[in-house]
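Data first, discussion second: the structure below is written as structure tokens.
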Amino acid sequence: MPVNGTRGLEPSSPCDVHCGDDHRSTEAGPSTQPAQLPPAPRGLTSCGTVEAVDCDHLRNMVEANSIASRSSSHRLFPALSRRTANGTGLVSRSNAVHAAELHKGVRREELRHLLREEKKVWALPLLVLLVCIALGLWGVFASSAQERSQRHKNALNRATDKAQTIASELRASYLPVKVMQSFVTRSPYFPSLNATFPSLASELLSLTAAGAIANMQLAPLGVVAAIQPPQGSESALGHDILADPANRDMALRAIASHNLTLAGPYMLRQGFMGAPARYPIFLRDVDENETFGLSRDATNCSSLCYDAGTRTKFWGFATVLIDWDRFINQVVRIGELSSQGLKYRLTRGTDGVDTGGSGSSVSTSDVSSGSSGSGMEAVWLAGSKEALHDPVHVYISVPNNEWRLGVEDARGWVPAWKWPLVAMVVVMGCVLAALVGHALLGRAQQRQLLLEVMAANGNLEDAASVLLREKERVEALLQRQYD
């Protein structure tokens with residue numbers, strides 16, 4: 001076939017298009033080839049030369065594209081899915097939306113498949129979450145319980161110390177009347193005793209450690225007849241305790257018990273809050289009509305005031321009057337509990353409740369009922385007028401009554417940081433589990449991607465080997481044709 005007859009050939013493969021310039025250059029120049037070329041084998045073009053199918057070029061192309069993926073390459077290389085057949089590299093908006101939805105669906109499906117195949121991707125983060133939350137909550141609750149116990153212990157210790165101070169000061173206040181009882185026994189005739197009472201009472205009050213005693217009184221046959229010091233208490237002179245409805249019951253209980261009784265505190269006729277501690281004095285071997293130098297006998301007290309069998313008669317009361325405000329605020333200083341971070345409430349049972357003793361003692365309890373330990377209604381003495389929420393209690397036994405000191409931590413028993421720490425532990429556990437899960441998921445995806453790329457490379461290498469063998473076969477056929 002003549003060389004310049006090649007212009008009339010129709011390209012039968014992409015190689016013809018690629019070699020069109022070679023045809024034109026051959027036509028333009030002088031003919032250096034044989035006048036007629038042998039017909040190309042089936043499936044080849046007339047330009048099937050070494051320049052048209054270059055083994056080195058094809059090998060370089062395969063190596064440069066050795067990371068091509070399989071049919072799911074749209075997931076790994078989304079830019080490739082946006083190519084169009086017209087070579088512009090752009091897609092319409094509808095095609096882009098469809099591709100994005102397809103991409104999301106593929107990712108969800110592959111994520112579900114990955115979670116089914118790689119159970120450690122979700123099992124290990126779940127284990128981390130449970131372990132972190134369990135250990136964290138254990139630490140928080142253990143610390144909270146320890147703090148609560150420490151606050152209970154601190155409150156109870158401080159309340160016990162304060163209750164012991166109260167009991168000690170009350171015992172010191174009782175001492176003068178017990179000493180006075182011995183003087184009355186030796187000199188029961190009141191006119192002569194009254195002459196020495198001021199100096200005797202002053203000496204007793206100066207020797208006692210009690211600092212809250214307002215005055216000391218003698219009430220022979222129940223009538224107040226001597227007060228030391230008298231200043232501010234003149235209105236109490238001549239007061240018949242057994243004839244006073246407000247004091248008669250407590251006075252008769254004291255006579256019947258033959259023991260010291262502590263009444264109040266309550267508002268006195270002197271105009272201040274006071275707590276009278278009365279000690280009934282009895283004399284033996286006296287007649288029933290004995291009046292100890294007074295003009296009349298005790299008021300309505302015949303059955304309790306005289307025992308005909310032992311010829312014992314009630315002489316009267318030796319009383320110390322405790323100034324309550326001075327006692328509770330200056331001597332006991334109960335307000336120190338507030339400065340120590342505690343709420344407190346001091347109450348007593350109703351007057352006349354017999355606790356079985358004549359002194360003052362302290363016992364502790366953490367029972368938080370609304371009444372005193374004796375079961376009687378609580379009467380407020382000091383501190384919070386509202387009932388405390390969950391206090392610890394210290395009980396103070398006083399003559400014929402019982403006081404109760406309740407305290408609680410002003411911050412509450414439960415630490416304020418407990419629940420914020422619980423929330424933080426849960427959040428931190430979730431964050432740590434999420435980080436572990438994200439790391440494991442990323443590693444599993446990378447491993448899956450690596451397996452896919454390796455499979456794709458293997459397929460490309462197989463395809464390249466087939467192409468190279470086909471190229472060599474075609475070149476061999478062309479060579480035989482030319483020869």
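Residue numbers start at 1 in each chain; chains themselves are named A, B, ... in the order of the structure tokens; ligands are numbered from 1 in the order shown.
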For this session: List the neighbours of stretch 317-323 of chain A out to 7 Å using only C-alpha atoms; skip same-chain residues closer than 3 positions along the sequence, and give me the result as a list in words.
Result: Val177, Met180, Ala212, Ile213, Ala214, Asn215, Met216, Gln217, Leu218, Ala219, Pro220, Gly222, Met273, Gly274, Ala275, Pro276, Ala277, Arg278, Tyr279, Pro280, Ile281, Arg326 and Phe327 of chain A
For this session: Find the residues around A:Phe197 up to 10 Å (only C-alpha atoms counted), leave out those fewer than 4 positions away in its own chain, and share them as a PyMOL selection string.
Result: chain A and resi 180+183+190-193+201-203+216-218+226-228
Exercise. Between atom CA of A:Ala100 and atom CA of A:Val121, what is the spacing in Å?
Worked result: 26.1 Å
Problem set entry | Option closest in space to A:Trp403, from A:Trp417, A:Tyr174, A:Trp380, A:Phe292 [counting only C-alpha atoms] |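 With only C-alpha atoms as the atom set, the closest residue is A:Trp380.
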For this session: Give the answer as one residue: which of A:Thr299, A:Ser465, A:Asn401, A:Thr165 has the shortest atom-to-atom distance to A:Arg348, using only C-alpha atoms?
Result: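 Of all the options, A:Asn401 lies closest to A:Arg348.
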For this session: For each of A:Asp240, A:Glu101, A:Glu234, A:Asp390, take the minimum atom-to-atom distance to A:Asp297, counting only C-alpha atoms, then give the residue where this is smallest.
Result: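 For A:Asp297, the nearest of the given residues is A:Asp240.
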Exercise. DSSP says strand (DSSP E) for which residues of stretch 212-372 of chain A? Put them as a count of residues only?
Worked result: 52
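Distance annotation: of A:Leu127, A:Leu137, A:Ala298, A:His152, the residue with the minimal separation from A:Val392 is A:His152; atom set is only C-alpha atoms.
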Seminar exercise, completed: Nearest to A:Val331, restricted to only C-alpha atoms and choosing among A:Ala444, A:Ile166, A:Val131, A:Leu111, comes out as A:Ile166
Problem set entry | Backbone-only DSSP, alpha helix (DSSP H) members of stretch 231-462 of chain A, as a VMD selection string | chain A and resid 245 to 257 302 to 305 324 to 325 336 to 339 418 to 462
Problem set entry | Residue with smallest distance to A:Gln164 - pool A:Cys430, A:Tyr266, A:Glu408, A:Tyr395, counting only C-alpha atoms |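 With only C-alpha atoms as the atom set, the closest residue is A:Tyr395.
For the atom pair formed by atom CA of A:Gly437 and atom CA of A:Pro420, the distance is 25.4 Å, given to one decimal.
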Exercise. What gap, in Å, lies between atom CA of A:Ala209 and atom CA of A:Ile328?
Worked result: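 Atom CA of A:Ala209 sits 15.2 Å away from atom CA of A:Ile328.
Around A:Ala308, within 8 Å and counting only C-alpha atoms, the residues found are Glu288, Arg311 and Thr312 of chain A, once anything fewer than 3 positions away on its own chain is removed.
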